[in-house]
file input01.tsv (TSV, C-alpha atoms)
chain	number	residue	atom	x	y	z
A	208	MET	CA	98.87	89.09	126.13
A	209	ARG	CA	101.13	88.50	123.16
A	210	PRO	CA	104.76	87.55	123.83
A	211	ALA	CA	107.39	90.21	123.23
A	212	ARG	CA	109.06	90.07	119.85
A	213	VAL	CA	112.77	89.45	119.37
A	214	GLY	CA	113.48	93.12	118.69
A	215	GLN	CA	111.68	94.07	121.89
A	216	ALA	CA	113.59	91.43	123.84
A	217	LYS	CA	116.95	92.68	122.51
A	218	SER	CA	115.98	96.24	123.43
A	219	LEU	CA	115.16	95.05	126.95
A	220	ASN	CA	118.56	93.35	127.19
A	221	ILE	CA	120.32	96.56	126.15
A	222	ALA	CA	118.34	98.57	128.70
A	223	MET	CA	119.05	95.99	131.42
A	224	ALA	CA	122.75	95.90	130.58
A	225	LYS	CA	122.95	99.69	130.95
A	226	SER	CA	120.92	99.93	134.16
A	227	ASN	CA	121.96	96.72	135.92
A	228	PRO	CA	124.71	94.78	134.09
A	229	ASP	CA	124.88	92.06	136.76
A	230	ALA	CA	121.19	91.21	136.37
A	231	LEU	CA	121.58	89.58	132.96
A	232	ARG	CA	124.48	87.47	134.20
A	233	SER	CA	122.21	86.13	136.94
A	234	VAL	CA	120.14	84.04	134.50
A	235	PRO	CA	121.88	80.66	134.81
A	236	ILE	CA	122.43	78.38	131.83
A	237	GLU	CA	121.19	74.81	132.22
A	238	TYR	CA	121.42	71.85	129.85
A	239	VAL	CA	119.24	69.03	128.54
A	240	GLN	CA	120.15	66.18	126.20
A	241	SER	CA	118.30	66.06	122.89
A	242	PRO	CA	117.04	62.62	121.82
A	243	LEU	CA	119.14	63.23	118.69
A	244	GLY	CA	122.29	63.15	120.84
A	245	HIS	CA	123.33	66.79	121.17
A	246	ARG	CA	123.28	68.96	124.29
A	247	LEU	CA	120.90	71.92	124.43
A	248	ALA	CA	121.39	74.99	126.60
A	249	TYR	CA	118.43	76.79	128.13
A	250	ARG	CA	117.65	79.45	130.72
A	251	ASP	CA	114.81	79.02	133.20
A	252	HIS	CA	114.02	82.13	135.20
A	253	GLY	CA	111.20	82.86	137.61
A	254	ASP	CA	108.90	80.96	139.90
A	255	LYS	CA	108.81	77.31	138.82
A	256	ASN	CA	105.08	77.24	139.64
A	257	ALA	CA	104.27	80.27	137.48
A	258	ARG	CA	102.77	79.98	134.00
A	259	PRO	CA	105.61	79.14	131.59
A	260	LEU	CA	106.45	81.30	128.61
A	261	LEU	CA	108.82	79.54	126.22
A	262	CYS	CA	110.90	81.89	124.04
A	263	ILE	CA	112.63	80.54	120.94
A	264	HIS	CA	115.09	82.79	119.10
A	265	GLY	CA	115.37	83.48	115.39
A	266	LEU	CA	117.91	82.14	112.94
A	267	THR	CA	120.85	84.30	114.02
A	268	GLY	CA	119.95	84.62	117.70
A	269	ASN	CA	120.24	82.57	120.86
A	270	GLY	CA	118.34	82.16	124.11
A	271	SER	CA	120.11	85.06	125.79
A	272	ASP	CA	118.15	87.36	123.43
A	273	PHE	CA	115.31	86.97	125.95
A	274	ASP	CA	117.20	87.40	129.23
A	275	GLY	CA	115.81	90.91	129.68
A	276	LEU	CA	112.26	89.54	129.72
A	277	ALA	CA	113.00	87.83	133.04
A	278	PHE	CA	113.40	91.26	134.63
A	279	THR	CA	110.45	93.01	133.00
A	280	PRO	CA	107.95	93.97	135.73
A	281	SER	CA	104.86	93.08	133.67
A	282	LEU	CA	106.27	89.59	133.02
A	283	GLN	CA	107.23	88.74	136.62
A	284	LYS	CA	104.11	86.56	136.88
A	285	TYR	CA	105.56	84.20	134.25
A	286	ARG	CA	108.29	81.59	134.24
A	287	ILE	CA	110.51	82.74	131.36
A	288	ILE	CA	112.25	79.85	129.59
A	289	SER	CA	114.54	80.39	126.61
A	290	LEU	CA	116.32	77.77	124.54
A	291	ASP	CA	119.51	77.89	122.49
A	292	LEU	CA	118.61	75.87	119.41
A	293	ALA	CA	121.26	73.44	118.15
A	294	GLY	CA	124.33	75.25	116.87
A	295	ARG	CA	123.43	78.52	118.60
A	296	GLY	CA	124.52	80.06	121.88
A	297	ASN	CA	125.77	77.43	124.32
A	298	SER	CA	124.13	74.43	122.62
A	299	ASP	CA	126.15	71.83	120.75
A	300	PHE	CA	126.75	72.16	117.03
A	301	LEU	CA	125.45	69.36	114.81
A	302	ASP	CA	127.90	67.24	112.82
A	303	ASP	CA	125.44	66.94	109.93
A	304	SER	CA	124.37	70.37	108.64
A	305	SER	CA	121.26	68.86	107.02
A	306	LEU	CA	119.86	68.37	110.54
A	307	TYR	CA	119.41	72.12	111.00
A	308	ASN	CA	115.72	72.00	110.12
A	309	TYR	CA	112.28	72.42	111.66
A	310	GLU	CA	111.99	68.73	112.50
A	311	THR	CA	115.16	68.93	114.63
A	312	TYR	CA	113.98	72.17	116.24
A	313	LYS	CA	110.60	70.60	117.04
A	314	THR	CA	112.28	67.52	118.54
A	315	ASP	CA	114.57	69.70	120.65
A	316	ILE	CA	111.76	71.94	121.87
A	317	LEU	CA	109.71	68.89	122.87
A	318	ALA	CA	112.76	67.44	124.65
A	319	LEU	CA	113.07	70.61	126.71
A	320	LEU	CA	109.35	70.70	127.50
A	321	ASN	CA	109.46	67.04	128.57
A	322	HIS	CA	112.60	67.63	130.66
A	323	LEU	CA	110.84	70.46	132.48
A	324	ASN	CA	107.59	68.45	132.80
A	325	LEU	CA	105.69	71.09	130.87
A	326	ASN	CA	102.89	70.23	128.52
A	327	THR	CA	101.00	73.52	128.43
A	328	PRO	CA	103.22	76.60	128.03
A	329	CYS	CA	101.02	79.70	127.93
A	330	GLY	CA	102.87	80.95	124.88
A	331	VAL	CA	105.67	80.09	122.52
A	332	ASP	CA	107.48	82.69	120.43
A	333	PHE	CA	109.17	80.59	117.76
A	334	LEU	CA	111.63	82.31	115.45
A	335	GLY	CA	110.01	85.68	116.10
A	336	VAL	CA	106.73	84.57	114.51
call {"tool": "encode", "arguments": {"input": "input01.tsv", "output": "structure tokens"}}
result
Amino acid sequence: MRPARVGQAKSLNIAMAKSNPDALRSVPIEYVQSPLGHRLAYRDHGDKNARPLLCIHGLTGNGSDFDGLAFTPSLQKYRIISLDLAGRGNSDFLDDSSLYNYETYKTDILALLNHLNLNTPCGVDFLGV
């Protein structure tokens, strides 16, 4: 099964907001420290023993773009994890704008995976690719 695309995730969020506005607010925001010194926000929804699906937003998005996935019946068997990359959503902004690059994103994603003791997510949707 391929992960849902960003557009699909945003559509799910809109549908969820209309049908059950409190559901999206129930996905708590948690934090992890990047080895580069900034704080990263993430959402971790579902059974902690389920297969993890890590969702990474696109350039202008944030982790909440995927909140609706946590309530999609066909995805209930997965642990849905979404990250706010540095400078997006509830994550810290970087003092040096040159650090907004794939190397930083990779370091931050690995920091989250290590924090959650995950080394084999079943899928990663990075920047809608």
call {"tool": "residues_around", "arguments": {"input": "input01.tsv", "residues": "Arg246 in chain A", "least_positions_apart": "5", "cutoff": "8 Å", "atoms": "only C-alpha atoms", "output": "NGL selection string"}}
result
:A and (238-241 or 293 or 298-299)
call {"tool": "atom_distance", "arguments": {"input": "input01.tsv", "atom1": "CA of Tyr312 in chain A", "atom2": "CA of Arg295 in chain A"}}
result
11.6 Å
call {"tool": "residues_near_point", "arguments": {"input": "input01.tsv", "point": "(108.3, 82.7, 136.2)", "cutoff": "8 Å", "atoms": "only C-alpha atoms", "output": "ChimeraX atom specification"}}
result
/A:252-260,277,282-287
call {"tool": "atom_distance", "arguments": {"input": "input01.tsv", "atom1": "CA of Ser281 in chain A", "atom2": "CA of Asn321 in chain A"}}
result
26.9 Å
call {"tool": "residues_near_point", "arguments": {"input": "input01.tsv", "point": "(107.2, 71.4, 127.6)", "cutoff": "12 Å", "atoms": "all atoms listed in the file", "output": "list in words"}}
result
Arg258, Pro259, Leu260, Leu261, Cys262, Ile288, Ser289, Leu290, Lys313, Thr314, Asp315, Ile316, Leu317, Ala318, Leu319, Leu320, Asn321, His322, Leu323, Asn324, Leu325, Asn326, Thr327, Pro328, Cys329, Gly330 and Val331 of chain A
call {"tool": "closest_residue", "arguments": {"input": "input01.tsv", "among": "A:Leu306, A:Ile236, A:Leu243, A:Ala248", "to": "Asp291 in chain A", "atoms": "all atoms listed in the file"}}
result
A:Ala248
call {"tool": "atom_distance", "arguments": {"input": "input01.tsv", "atom1": "CA of Val234 in chain A", "atom2": "CA of Leu301 in chain A"}}
result
25.1 Å
call {"tool": "build_atoms", "arguments": {"input": "input01.tsv", "residues": "range 256-284 of chain A", "atoms": "N, CA and C atoms", "output": "PDB file, in the frame of the given file"}}
result
ATOM      1  N   ASN A 256     106.520  77.525 139.642  1.00  0.00           N
ATOM      2  CA  ASN A 256     105.080  77.240 139.640  1.00  0.00           C
ATOM      3  C   ASN A 256     104.284  78.248 138.827  1.00  0.00           C
ATOM      4  N   ALA A 257     104.952  79.259 138.285  1.00  0.00           N
ATOM      5  CA  ALA A 257     104.270  80.270 137.480  1.00  0.00           C
ATOM      6  C   ALA A 257     103.965  79.717 136.086  1.00  0.00           C
ATOM      7  N   ARG A 258     103.089  80.394 135.369  1.00  0.00           N
ATOM      8  CA  ARG A 258     102.770  79.980 134.000  1.00  0.00           C
ATOM      9  C   ARG A 258     104.023  80.124 133.140  1.00  0.00           C
ATOM     10  N   PRO A 259     104.401  79.075 132.407  1.00  0.00           N
ATOM     11  CA  PRO A 259     105.610  79.140 131.590  1.00  0.00           C
ATOM     12  C   PRO A 259     105.405  79.872 130.270  1.00  0.00           C
ATOM     13  N   LEU A 260     106.407  80.641 129.902  1.00  0.00           N
ATOM     14  CA  LEU A 260     106.450  81.300 128.610  1.00  0.00           C
ATOM     15  C   LEU A 260     107.750  80.877 127.947  1.00  0.00           C
ATOM     16  N   LEU A 261     107.646  80.054 126.904  1.00  0.00           N
ATOM     17  CA  LEU A 261     108.820  79.540 126.220  1.00  0.00           C
ATOM     18  C   LEU A 261     109.175  80.459 125.067  1.00  0.00           C
ATOM     19  N   CYS A 262     110.422  80.956 125.058  1.00  0.00           N
ATOM     20  CA  CYS A 262     110.900  81.890 124.040  1.00  0.00           C
ATOM     21  C   CYS A 262     111.948  81.191 123.172  1.00  0.00           C
ATOM     22  N   ILE A 263     111.708  81.168 121.879  1.00  0.00           N
ATOM     23  CA  ILE A 263     112.630  80.540 120.940  1.00  0.00           C
ATOM     24  C   ILE A 263     113.143  81.622 119.993  1.00  0.00           C
ATOM     25  N   HIS A 264     114.454  81.733 119.893  1.00  0.00           N
ATOM     26  CA  HIS A 264     115.090  82.790 119.100  1.00  0.00           C
ATOM     27  C   HIS A 264     114.983  82.546 117.603  1.00  0.00           C
ATOM     28  N   GLY A 265     115.341  83.572 116.844  1.00  0.00           N
ATOM     29  CA  GLY A 265     115.370  83.480 115.390  1.00  0.00           C
ATOM     30  C   GLY A 265     116.660  82.863 114.888  1.00  0.00           C
ATOM     31  N   LEU A 266     116.813  82.843 113.596  1.00  0.00           N
ATOM     32  CA  LEU A 266     117.910  82.140 112.940  1.00  0.00           C
ATOM     33  C   LEU A 266     119.289  82.560 113.422  1.00  0.00           C
ATOM     34  N   THR A 267     119.516  83.845 113.636  1.00  0.00           N
ATOM     35  CA  THR A 267     120.850  84.300 114.020  1.00  0.00           C
ATOM     36  C   THR A 267     120.966  84.618 115.513  1.00  0.00           C
ATOM     37  N   GLY A 268     119.945  84.290 116.281  1.00  0.00           N
ATOM     38  CA  GLY A 268     119.950  84.620 117.700  1.00  0.00           C
ATOM     39  C   GLY A 268     120.333  83.467 118.586  1.00  0.00           C
ATOM     40  N   ASN A 269     120.093  83.636 119.876  1.00  0.00           N
ATOM     41  CA  ASN A 269     120.240  82.570 120.860  1.00  0.00           C
ATOM     42  C   ASN A 269     119.351  82.907 122.051  1.00  0.00           C
ATOM     43  N   GLY A 270     119.249  82.003 122.984  1.00  0.00           N
ATOM     44  CA  GLY A 270     118.340  82.160 124.110  1.00  0.00           C
ATOM     45  C   GLY A 270     118.591  83.397 124.949  1.00  0.00           C
ATOM     46  N   SER A 271     119.818  83.876 124.973  1.00  0.00           N
ATOM     47  CA  SER A 271     120.110  85.060 125.790  1.00  0.00           C
ATOM     48  C   SER A 271     119.422  86.314 125.231  1.00  0.00           C
ATOM     49  N   ASP A 272     118.904  86.234 123.991  1.00  0.00           N
ATOM     50  CA  ASP A 272     118.150  87.360 123.430  1.00  0.00           C
ATOM     51  C   ASP A 272     116.963  87.722 124.327  1.00  0.00           C
ATOM     52  N   PHE A 273     116.506  86.777 125.137  1.00  0.00           N
ATOM     53  CA  PHE A 273     115.310  86.970 125.950  1.00  0.00           C
ATOM     54  C   PHE A 273     115.605  87.187 127.436  1.00  0.00           C
ATOM     55  N   ASP A 274     116.874  87.261 127.811  1.00  0.00           N
ATOM     56  CA  ASP A 274     117.200  87.400 129.230  1.00  0.00           C
ATOM     57  C   ASP A 274     116.525  88.614 129.866  1.00  0.00           C
ATOM     58  N   GLY A 275     116.438  89.706 129.138  1.00  0.00           N
ATOM     59  CA  GLY A 275     115.810  90.910 129.680  1.00  0.00           C
ATOM     60  C   GLY A 275     114.355  90.722 130.055  1.00  0.00           C
ATOM     61  N   LEU A 276     113.672  89.781 129.398  1.00  0.00           N
ATOM     62  CA  LEU A 276     112.260  89.540 129.720  1.00  0.00           C
ATOM     63  C   LEU A 276     112.099  89.073 131.163  1.00  0.00           C
ATOM     64  N   ALA A 277     113.084  88.359 131.673  1.00  0.00           N
ATOM     65  CA  ALA A 277     113.000  87.830 133.040  1.00  0.00           C
ATOM     66  C   ALA A 277     112.949  88.942 134.076  1.00  0.00           C
ATOM     67  N   PHE A 278     113.358  90.141 133.695  1.00  0.00           N
ATOM     68  CA  PHE A 278     113.400  91.260 134.630  1.00  0.00           C
ATOM     69  C   PHE A 278     112.392  92.347 134.297  1.00  0.00           C
ATOM     70  N   THR A 279     111.486  92.053 133.386  1.00  0.00           N
ATOM     71  CA  THR A 279     110.450  93.010 133.000  1.00  0.00           C
ATOM     72  C   THR A 279     109.309  92.926 134.001  1.00  0.00           C
ATOM     73  N   PRO A 280     108.977  94.020 134.678  1.00  0.00           N
ATOM     74  CA  PRO A 280     107.950  93.970 135.730  1.00  0.00           C
ATOM     75  C   PRO A 280     106.635  93.332 135.295  1.00  0.00           C
ATOM     76  N   SER A 281     106.154  93.631 134.099  1.00  0.00           N
ATOM     77  CA  SER A 281     104.860  93.080 133.670  1.00  0.00           C
ATOM     78  C   SER A 281     104.920  91.582 133.385  1.00  0.00           C
ATOM     79  N   LEU A 282     106.130  91.022 133.298  1.00  0.00           N
ATOM     80  CA  LEU A 282     106.270  89.590 133.020  1.00  0.00           C
ATOM     81  C   LEU A 282     106.706  88.792 134.248  1.00  0.00           C
ATOM     82  N   GLN A 283     106.786  89.432 135.406  1.00  0.00           N
ATOM     83  CA  GLN A 283     107.230  88.740 136.620  1.00  0.00           C
ATOM     84  C   GLN A 283     106.302  87.603 137.016  1.00  0.00           C
ATOM     85  N   LYS A 284     105.060  87.626 136.539  1.00  0.00           N
ATOM     86  CA  LYS A 284     104.110  86.560 136.880  1.00  0.00           C
ATOM     87  C   LYS A 284     104.348  85.294 136.069  1.00  0.00           C
TER      88      LYS A 284
END
